[in-house]
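Structure file upload-v3.cif (mmCIF, C-alpha atoms) follows.
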data_my_file
loop_
_atom_site.group_PDB
_atom_site.id
_atom_site.type_symbol
_atom_site.label_atom_id
_atom_site.label_comp_id
_atom_site.auth_asym_id
_atom_site.auth_seq_id
_atom_site.Cartn_x
_atom_site.Cartn_y
_atom_site.Cartn_z
ATOM 1 C CA MET A 57 175.555 102.304 73.824
ATOM 2 C CA LEU A 58 172.970 101.384 71.200
ATOM 3 C CA THR A 59 171.086 104.169 69.553
ATOM 4 C CA ASP A 60 167.341 104.460 70.081
ATOM 5 C CA LEU A 61 166.822 105.272 66.409
ATOM 6 C CA SER A 62 165.138 102.501 64.448
ATOM 7 C CA GLY A 63 166.834 100.795 61.511
ATOM 8 C CA TRP A 64 164.560 102.551 59.049
ATOM 9 C CA THR A 65 165.321 105.927 60.595
ATOM 10 C CA ILE A 66 169.069 105.320 60.382
ATOM 11 C CA ALA A 67 168.676 104.278 56.753
ATOM 12 C CA ALA A 68 166.662 107.442 56.057
ATOM 13 C CA VAL A 69 169.308 109.586 57.795
ATOM 14 C CA VAL A 70 172.082 108.034 55.688
ATOM 15 C CA VAL A 71 170.134 108.425 52.421
ATOM 16 C CA LEU A 72 169.220 112.041 53.243
ATOM 17 C CA GLY A 73 172.833 112.747 54.228
ATOM 18 C CA VAL A 74 174.130 111.426 50.903
ATOM 19 C CA LEU A 75 171.415 113.421 49.133
ATOM 20 C CA SER A 76 172.407 116.637 50.920
ATOM 21 C CA VAL A 77 176.081 116.278 49.940
ATOM 22 C CA ALA A 78 175.120 115.314 46.368
ATOM 23 C CA GLY A 79 172.912 118.424 46.173
ATOM 24 C CA GLY A 80 175.793 120.511 47.495
ATOM 25 C CA ILE A 81 178.172 119.162 44.861
ATOM 26 C CA ALA A 82 175.542 119.650 42.132
ATOM 27 C CA VAL A 83 175.379 123.377 42.996
ATOM 28 C CA PHE A 84 178.867 123.858 41.539
ATOM 29 C CA VAL A 85 178.554 121.349 38.708
ATOM 30 C CA VAL A 86 175.305 122.216 36.892
ATOM 31 C CA ASP A 87 175.345 124.710 34.038
ATOM 32 C CA SER A 88 172.503 126.947 35.114
ATOM 33 C CA MET A 89 172.150 129.292 38.065
ATOM 34 C CA ALA A 90 168.479 128.359 38.446
ATOM 35 C CA ARG A 91 169.361 124.658 38.634
ATOM 36 C CA ALA A 92 172.162 125.438 41.106
ATOM 37 C CA THR A 93 169.641 127.214 43.347
ATOM 38 C CA PHE A 94 167.275 124.255 43.337
ATOM 39 C CA ALA A 95 170.167 121.836 43.956
ATOM 40 C CA LEU A 96 170.998 123.914 47.046
ATOM 41 C CA LEU A 97 167.330 123.781 48.070
ATOM 42 C CA ALA A 98 167.409 119.973 47.761
ATOM 43 C CA SER A 99 170.462 119.928 50.026
ATOM 44 C CA PHE A 100 168.682 122.082 52.635
ATOM 45 C CA LEU A 101 165.517 119.970 52.506
ATOM 46 C CA ALA A 102 167.569 116.803 53.024
ATOM 47 C CA VAL A 103 169.177 118.361 56.125
ATOM 48 C CA ALA A 104 165.696 119.379 57.343
ATOM 49 C CA GLY A 105 164.686 115.733 56.933
ATOM 50 C CA VAL A 106 167.617 114.589 59.081
ATOM 51 C CA LEU A 107 166.659 117.136 61.766
ATOM 52 C CA LEU A 108 163.124 115.704 61.651
ATOM 53 C CA ALA A 109 164.551 112.232 62.271
ATOM 54 C CA PHE A 110 166.325 113.645 65.358
ATOM 55 C CA ASP A 111 163.006 114.812 66.897
ATOM 56 C CA LEU A 112 163.848 118.456 66.171
ATOM 57 C CA VAL A 113 160.441 119.046 64.607
ATOM 58 C CA TYR A 114 160.349 122.826 64.965
ATOM 59 C CA LEU A 115 163.879 123.413 63.659
ATOM 60 C CA ALA A 116 163.262 121.030 60.747
ATOM 61 C CA VAL A 117 160.065 122.841 59.725
ATOM 62 C CA VAL A 118 161.712 126.263 60.125
ATOM 63 C CA THR A 119 164.688 125.129 58.016
ATOM 64 C CA ALA A 120 162.457 123.713 55.277
ATOM 65 C CA LEU A 121 160.133 126.737 55.100
ATOM 66 C CA MET A 122 162.863 129.377 55.441
ATOM 67 C CA MET A 123 165.126 127.789 52.870
ATOM 68 C CA THR A 124 162.314 127.231 50.360
ATOM 69 C CA ILE A 125 161.435 130.934 50.470
ATOM 70 C CA GLU A 126 165.110 131.949 50.539
ATOM 71 C CA MET A 127 165.959 129.855 47.494
ATOM 72 C CA ALA A 128 162.872 131.162 45.644
ATOM 73 C CA ILE A 129 164.184 134.703 46.205
ATOM 74 C CA MET A 130 167.719 133.612 45.405
ATOM 75 C CA ALA A 131 166.615 132.111 42.054
ATOM 76 C CA VAL A 132 165.300 135.538 41.011
ATOM 77 C CA PHE A 133 168.615 137.206 41.926
ATOM 78 C CA MET A 134 170.572 134.417 40.271
ATOM 79 C CA ILE A 135 168.742 134.870 36.982
ATOM 80 C CA MET A 136 169.173 138.657 37.303
ATOM 81 C CA PHE A 137 172.939 138.457 37.679
ATOM 82 C CA MET A 138 173.646 135.583 35.366
ATOM 83 C CA MET A 139 174.437 135.746 31.675
ATOM 84 C CA ASN A 140 173.415 132.107 31.292
ATOM 85 C CA PRO A 141 170.271 131.597 33.394
ATOM 86 C CA ALA A 142 168.730 128.870 31.265
ATOM 87 C CA GLY A 143 171.836 126.695 31.178
ATOM 88 C CA LEU A 144 171.821 126.440 27.405
ATOM 89 C CA MET A 145 175.610 126.440 27.265
ATOM 90 C CA PRO A 146 178.354 125.144 29.563
ATOM 91 C CA MET A 147 179.157 127.438 32.466
ATOM 92 C CA THR A 148 182.314 127.520 34.514
ATOM 93 C CA MET A 149 183.266 130.690 36.283
ATOM 94 C CA VAL A 150 186.000 129.721 38.687
ATOM 95 C CA HIS A 151 189.327 131.073 39.801
ATOM 96 C CA ASN A 152 192.012 129.123 41.609
ATOM 97 C CA ALA A 153 189.970 125.933 41.314
ATOM 98 C CA ARG A 154 192.815 123.612 42.340
ATOM 99 C CA GLY A 155 193.769 125.654 45.408
ATOM 100 C CA SER A 156 190.118 125.892 46.453
ATOM 101 C CA ALA A 157 189.551 122.161 45.958
ATOM 102 C CA LEU A 158 192.668 121.455 48.020
ATOM 103 C CA THR A 159 191.498 123.783 50.825
ATOM 104 C CA GLY A 160 188.046 122.170 50.847
ATOM 105 C CA ALA A 161 189.553 118.671 50.865
ATOM 106 C CA VAL A 162 192.010 119.538 53.663
ATOM 107 C CA ALA A 163 189.188 121.030 55.774
ATOM 108 C CA PHE A 164 187.113 117.881 55.190
ATOM 109 C CA VAL A 165 189.985 115.525 56.082
ATOM 110 C CA VAL A 166 190.884 117.459 59.246
ATOM 111 C CA LEU A 167 187.238 117.418 60.381
ATOM 112 C CA VAL A 168 186.836 113.702 59.573
ATOM 113 C CA VAL A 169 190.024 112.781 61.457
ATOM 114 C CA GLY A 170 188.688 114.720 64.446
ATOM 115 C CA ILE A 171 185.230 113.151 64.169
ATOM 116 C CA TRP A 172 186.539 109.571 64.073
ATOM 117 C CA THR A 173 189.233 109.935 66.757
ATOM 118 C CA VAL A 174 187.387 111.903 69.436
ATOM 119 C CA ASP A 175 185.833 109.820 72.186
ATOM 120 C CA TRP A 176 182.325 111.292 72.061
ATOM 121 C CA PRO A 177 180.684 111.741 75.470
ATOM 122 C CA ILE A 178 177.517 109.809 74.761
ATOM 123 C CA GLY A 179 175.757 108.812 77.937
ATOM 124 C CA ARG A 180 172.215 107.854 78.762
ATOM 125 C CA THR A 181 170.733 111.265 79.212
ATOM 126 C CA GLU A 182 167.187 112.321 79.774
ATOM 127 C CA ARG A 183 165.492 113.212 76.500
ATOM 128 C CA PRO A 184 162.914 116.018 76.783
ATOM 129 C CA GLU A 185 159.344 115.114 75.976
ATOM 130 C CA ASP A 186 159.013 117.974 73.522
ATOM 131 C CA SER A 187 162.127 119.500 71.941
ATOM 132 C CA THR A 188 160.165 122.538 70.734
ATOM 133 C CA ARG A 189 159.015 123.285 74.280
ATOM 134 C CA GLN A 190 162.618 122.957 75.472
ATOM 135 C CA LEU A 191 163.776 125.477 72.856
ATOM 136 C CA GLY A 192 160.901 127.865 73.567
ATOM 137 C CA GLU A 193 161.573 127.840 77.294
ATOM 138 C CA ALA A 194 165.291 128.436 76.649
ATOM 139 C CA ILE A 195 164.562 131.386 74.350
ATOM 140 C CA MET A 196 162.193 132.940 76.882
ATOM 141 C CA GLY A 197 164.331 132.041 79.897
ATOM 142 C CA SER A 198 167.904 130.959 80.306
ATOM 143 C CA HIS A 199 169.015 131.868 76.756
ATOM 144 C CA MET A 200 167.115 135.113 76.345
ATOM 145 C CA LEU A 201 170.359 137.067 75.824
ATOM 146 C CA VAL A 202 171.046 135.070 72.641
ATOM 147 C CA MET A 203 167.610 135.999 71.332
ATOM 148 C CA LEU A 204 168.154 139.676 72.241
ATOM 149 C CA MET A 205 171.430 139.681 70.311
ATOM 150 C CA ILE A 206 169.724 138.011 67.341
ATOM 151 C CA GLY A 207 167.038 140.700 67.442
ATOM 152 C CA ILE A 208 169.623 143.501 67.452
ATOM 153 C CA GLY A 209 171.539 141.782 64.639
ATOM 154 C CA LEU A 210 168.417 141.463 62.496
ATOM 155 C CA PHE A 211 167.480 145.089 63.179
ATOM 156 C CA ALA A 212 170.999 146.202 62.173
ATOM 157 C CA THR A 213 170.584 144.140 58.991
ATOM 158 C CA ILE A 214 167.334 145.944 58.169
ATOM 159 C CA LEU A 215 169.021 149.339 58.664
ATOM 160 C CA ALA A 216 172.138 148.380 56.688
ATOM 161 C CA GLY A 217 170.022 146.921 53.869
ATOM 162 C CA THR A 218 167.988 150.128 53.657
ATOM 163 C CA VAL A 219 171.159 152.271 53.626
ATOM 164 C CA LEU A 220 172.662 150.169 50.823
ATOM 165 C CA ALA A 221 169.413 150.277 48.852
ATOM 166 C CA THR A 222 169.152 154.065 49.033
ATOM 167 C CA ALA A 223 170.351 155.546 45.762
ATOM 168 C CA ARG A 224 170.563 159.120 47.090
ATOM 169 C CA GLY A 225 171.429 159.666 50.741
ATOM 170 C CA ARG A 226 171.435 162.895 52.788
ATOM 171 C CA TYR A 227 174.985 163.726 51.684
ATOM 172 C CA ASP A 228 173.828 163.716 48.054
ATOM 173 C CA ARG A 229 170.926 165.955 48.943
ATOM 174 C CA PHE A 230 172.477 168.419 51.420
ATOM 175 C CA GLY A 231 176.177 168.361 50.405
ATOM 176 C CA ALA A 232 179.211 166.775 52.082
ATOM 177 C CA ASP A 233 178.907 169.040 55.159
ATOM 178 C CA LEU A 234 175.099 168.826 55.241
ATOM 179 C CA ALA A 235 175.069 172.648 55.120
ATOM 180 C CA ALA A 236 172.739 173.244 52.154
ATOM 181 C CA LYS A 237 169.534 175.030 53.087
ATOM 182 C CA ARG A 238 167.530 173.341 50.321
ATOM 183 C CA PRO A 239 168.055 169.698 49.300
ATOM 184 C CA ASP A 240 169.398 169.165 45.781
ATOM 185 C CA ASP A 241 166.587 166.964 44.471
ATOM 186 C CA PRO A 242 165.830 166.168 40.823
ATOM 187 C CA ILE A 243 162.262 167.252 41.508
ATOM 188 C CA PRO A 244 162.079 169.838 44.279
ATOM 189 C CA GLY A 245 159.426 169.105 46.835
ATOM 190 C CA GLY A 246 157.443 171.381 49.119
ATOM 191 C CA LEU A 247 155.220 174.425 48.439
ATOM 192 C CA PRO A 248 155.225 176.907 46.806
ATOM 193 C CA ARG A 249 157.081 175.745 43.732
ATOM 194 C CA MET B 150 174.187 100.228 65.665
ATOM 195 C CA THR B 151 175.828 102.275 68.397
ATOM 196 C CA ALA B 152 174.834 105.879 68.937
ATOM 197 C CA GLU B 153 178.447 106.973 68.565
ATOM 198 C CA LEU B 154 178.690 105.430 65.083
ATOM 199 C CA VAL B 155 175.515 107.158 63.893
ATOM 200 C CA LEU B 156 176.783 110.463 65.315
ATOM 201 C CA GLN B 157 180.108 110.016 63.527
ATOM 202 C CA ILE B 158 178.393 109.226 60.214
ATOM 203 C CA VAL B 159 176.168 112.305 60.475
ATOM 204 C CA LEU B 160 179.100 114.522 61.472
ATOM 205 C CA THR B 161 181.071 113.179 58.490
ATOM 206 C CA VAL B 162 178.209 114.214 56.208
ATOM 207 C CA ALA B 163 178.288 117.663 57.866
ATOM 208 C CA ALA B 164 182.057 117.822 57.269
ATOM 209 C CA GLY B 165 181.404 116.944 53.614
ATOM 210 C CA LEU B 166 178.946 119.833 53.314
ATOM 211 C CA ILE B 167 181.448 122.197 54.944
ATOM 212 C CA GLY B 168 184.246 121.026 52.603
ATOM 213 C CA VAL B 169 182.116 121.391 49.456
ATOM 214 C CA GLY B 170 180.863 124.790 50.622
ATOM 215 C CA LEU B 171 184.402 125.985 51.324
ATOM 216 C CA PHE B 172 185.473 124.889 47.847
ATOM 217 C CA GLY B 173 182.548 126.794 46.309
ATOM 218 C CA ALA B 174 183.068 129.959 48.342
ATOM 219 C CA LEU B 175 186.771 130.075 47.426
ATOM 220 C CA SER B 176 186.560 129.039 43.779
ATOM 221 C CA GLN B 177 183.476 130.765 42.360
ATOM 222 C CA GLN B 178 183.774 134.099 40.572
ATOM 223 C CA SER B 179 180.132 135.125 40.636
ATOM 224 C CA ILE B 180 179.223 136.873 43.902
ATOM 225 C CA VAL B 181 175.911 135.000 44.228
ATOM 226 C CA MET B 182 177.678 131.649 43.775
ATOM 227 C CA VAL B 183 180.117 132.607 46.556
ATOM 228 C CA MET B 184 177.093 133.179 48.783
ATOM 229 C CA MET B 185 175.747 129.743 47.888
ATOM 230 C CA GLY B 186 179.059 128.239 49.038
ATOM 231 C CA LEU B 187 178.767 130.046 52.377
ATOM 232 C CA GLU B 188 175.178 128.799 52.749
ATOM 233 C CA LEU B 189 176.393 125.233 52.229
ATOM 234 C CA VAL B 190 178.952 125.666 55.035
ATOM 235 C CA LEU B 191 176.153 126.879 57.313
ATOM 236 C CA ASN B 192 174.029 123.931 56.175
ATOM 237 C CA GLY B 193 176.768 121.665 57.544
ATOM 238 C CA VAL B 194 176.664 123.581 60.840
ATOM 239 C CA LEU B 195 172.872 123.036 61.041
ATOM 240 C CA LEU B 196 173.316 119.306 60.585
ATOM 241 C CA ALA B 197 176.177 119.047 63.094
ATOM 242 C CA GLY B 198 174.213 121.115 65.649
ATOM 243 C CA GLY B 199 171.152 118.888 65.320
ATOM 244 C CA ALA B 200 173.235 115.723 65.666
ATOM 245 C CA ALA B 201 175.098 117.139 68.686
ATOM 246 C CA TRP B 202 171.800 117.892 70.401
ATOM 247 C CA TYR B 203 170.316 114.441 69.761
ATOM 248 C CA PHE B 204 173.323 112.307 70.648
ATOM 249 C CA ILE B 205 175.407 114.304 73.139
ATOM 250 C CA ALA B 206 173.244 116.634 75.225
ATOM 251 C CA PRO B 207 169.489 116.404 74.559
ATOM 252 C CA GLU B 208 168.753 117.505 78.123
ATOM 253 C CA LEU B 209 170.249 120.941 77.366
ATOM 254 C CA PRO B 210 168.811 123.416 74.815
ATOM 255 C CA ASP B 211 172.253 124.816 73.855
ATOM 256 C CA ALA B 212 172.729 122.866 70.614
ATOM 257 C CA GLN B 213 169.221 123.852 69.507
ATOM 258 C CA MET B 214 170.112 127.493 70.170
ATOM 259 C CA LEU B 215 173.215 127.035 68.004
ATOM 260 C CA VAL B 216 171.015 125.811 65.148
ATOM 261 C CA VAL B 217 168.732 128.845 65.592
ATOM 262 C CA VAL B 218 171.778 131.168 65.494
ATOM 263 C CA ALA B 219 173.063 129.435 62.343
ATOM 264 C CA LEU B 220 169.654 129.913 60.689
ATOM 265 C CA VAL B 221 169.699 133.615 61.580
ATOM 266 C CA VAL B 222 173.264 133.961 60.260
ATOM 267 C CA MET B 223 172.046 132.421 56.976
ATOM 268 C CA ALA B 224 169.226 134.945 56.681
ATOM 269 C CA VAL B 225 171.501 137.898 57.535
ATOM 270 C CA GLU B 226 174.206 136.678 55.147
ATOM 271 C CA MET B 227 171.748 136.429 52.300
ATOM 272 C CA ALA B 228 170.074 139.800 52.961
ATOM 273 C CA MET B 229 173.364 141.689 53.297
ATOM 274 C CA GLY B 230 175.022 139.744 50.488
ATOM 275 C CA PHE B 231 172.305 140.665 48.005
ATOM 276 C CA ALA B 232 172.196 144.264 49.274
ATOM 277 C CA VAL B 233 175.947 144.631 48.695
ATOM 278 C CA THR B 234 175.751 142.844 45.325
ATOM 279 C CA VAL B 235 172.969 145.120 44.094
ATOM 280 C CA ALA B 236 174.726 148.241 45.456
ATOM 281 C CA ILE B 237 178.084 147.463 43.830
ATOM 282 C CA TYR B 238 176.390 146.464 40.579
ATOM 283 C CA ARG B 239 174.458 149.743 40.509
ATOM 284 C CA ALA B 240 177.602 151.764 41.228
ATOM 285 C CA ARG B 241 180.077 150.050 38.890
ATOM 286 C CA GLN B 242 178.379 147.205 36.985
ATOM 287 C CA VAL B 243 180.434 144.703 38.992
ATOM 288 C CA ASP B 244 179.002 141.188 39.403
ATOM 289 C CA MET B 245 182.194 139.144 39.727
ATOM 290 C CA VAL B 246 184.512 139.083 42.716
ATOM 291 C CA ASP B 247 187.578 139.517 40.487
ATOM 292 C CA MET B 248 186.248 142.883 39.348
ATOM 293 C CA ALA B 249 186.022 144.258 42.898
ATOM 294 C CA THR B 250 189.616 144.363 44.069
ATOM 295 C CA ASP B 251 189.620 147.770 45.808
ATOM 296 C CA LEU B 252 190.396 146.257 49.180
ATOM 297 C CA ARG B 253 193.277 144.105 47.919
ATOM 298 C CA GLY B 254 196.307 144.803 50.081
#

Before we go any further, please render this structure as structure tokens.
Amino acid sequence: MLTDLSGWTIAAVVVLGVLSVAGGIAVFVVDSMARATFALLASFLAVAGVLLAFDLVYLAVVTALMMTIEMAIMAVFMIMFMMNPAGLMPMTMVHNARGSALTGAVAFVVLVVGIWTVDWPIGRTERPEDSTRQLGEAIMGSHMLVMLMIGIGLFATILAGTVLATARGRYDRFGADLAAKRPDDPIPGGLPR
Amino acid sequence: MTAELVLQIVLTVAAGLIGVGLFGALSQQSIVMVMMGLELVLNGVLLAGGAAWYFIAPELPDAQMLVVVALVVMAVEMAMGFAVTVAIYRARQVDMVDMATDLRG
């Protein structure tokens, strides 16, 4: 069955695909953490472009916006944790590079063999008029459970992030058995002092 | 060009992203670089999910939901990854995976 994508669109998809993989490789090749972050951003934006070509307008925009913000935050953390943020000297910090490369290559080959041998069930199916509407109706209807789970997961992330960010928890303040009458604070609160 | 061929090309690109990401996640020593490898793997999942929706089952929203879940996993992974990185750095000045071997069996 012939695809309903135009020649230009297919060309754009191929170029963006190559760009996304090139960006992904660049992440582990460049000498600076900041450059690595922006190479990853380029990879994400290329994937967002492919999603746009597949009529997934909402998901493409969400991917592009979310990843731009995420990489902007990541660049700050990268520079914080990196001894060589400006890339003024060569940087390689790897362990077991050969084993890792082999694992990555094996995973790629296994996936490619699967991709090119499976008889994909492509039939002439009805395309929805608006993919965003389809997704919205699924989230608010048949797939609401997925959204509920996502909500709980994100809430758990907020709680866990707060717990990890807290320098002094209740066990530091009230003792291991939480039995202390007054919290052991560097500056005691309350009145009268 | 047949739809199947385009799907296979896009899925091959996704497999490439997953392979590169796996290499990065396994080989890098810096914790933040490990997270970048994991993000690349998820990037491949995004691409494969989008392609699956367009070529295999556009009448169903399931593949789109998969992409949404992958996006959420990315956000959660980054938030928790940085929280753990900052916490372990504050406690022991550790910023490389080789320095945090407490859980090694």

(request) Using the chain letters and numbers from the file, give me the residues hit by the PyMOL selection byres ((chain A) within 7 of (chain B)), as a ChimeraX atom specification. (result) /A:57-59,73,77,80-81,84,100,103,107,110,134,137,149-153,156-157,159-161,163-164,167-168,171-172,176-178,181-184,190-191,194,210,213,217,220-221

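A straight line drawn from CA of Phe94 in chain A to CA of Ala82 in chain A is 9.5 Å long.
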
(message) Please compute the CA of Ala104 in chain A-CA of Ala131 in chain A distance, one decimal, in Å.
(response)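 According to the coordinates, CA of Ala104 in chain A and CA of Ala131 in chain A are separated by 19.9 Å.
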
(request) Please indicate the distance in Å from CA of Gly79 in chain A to CA of Arg91 in chain A, rounded to one decimal place. (result) 10.4 Å

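Minimum atom-to-atom distances from A:Gly225, A:Ala102, A:Trp64, A:Leu115 to Gly192 in chain A were compared using all atoms listed in the file, and the lowest value belongs to A:Leu115.
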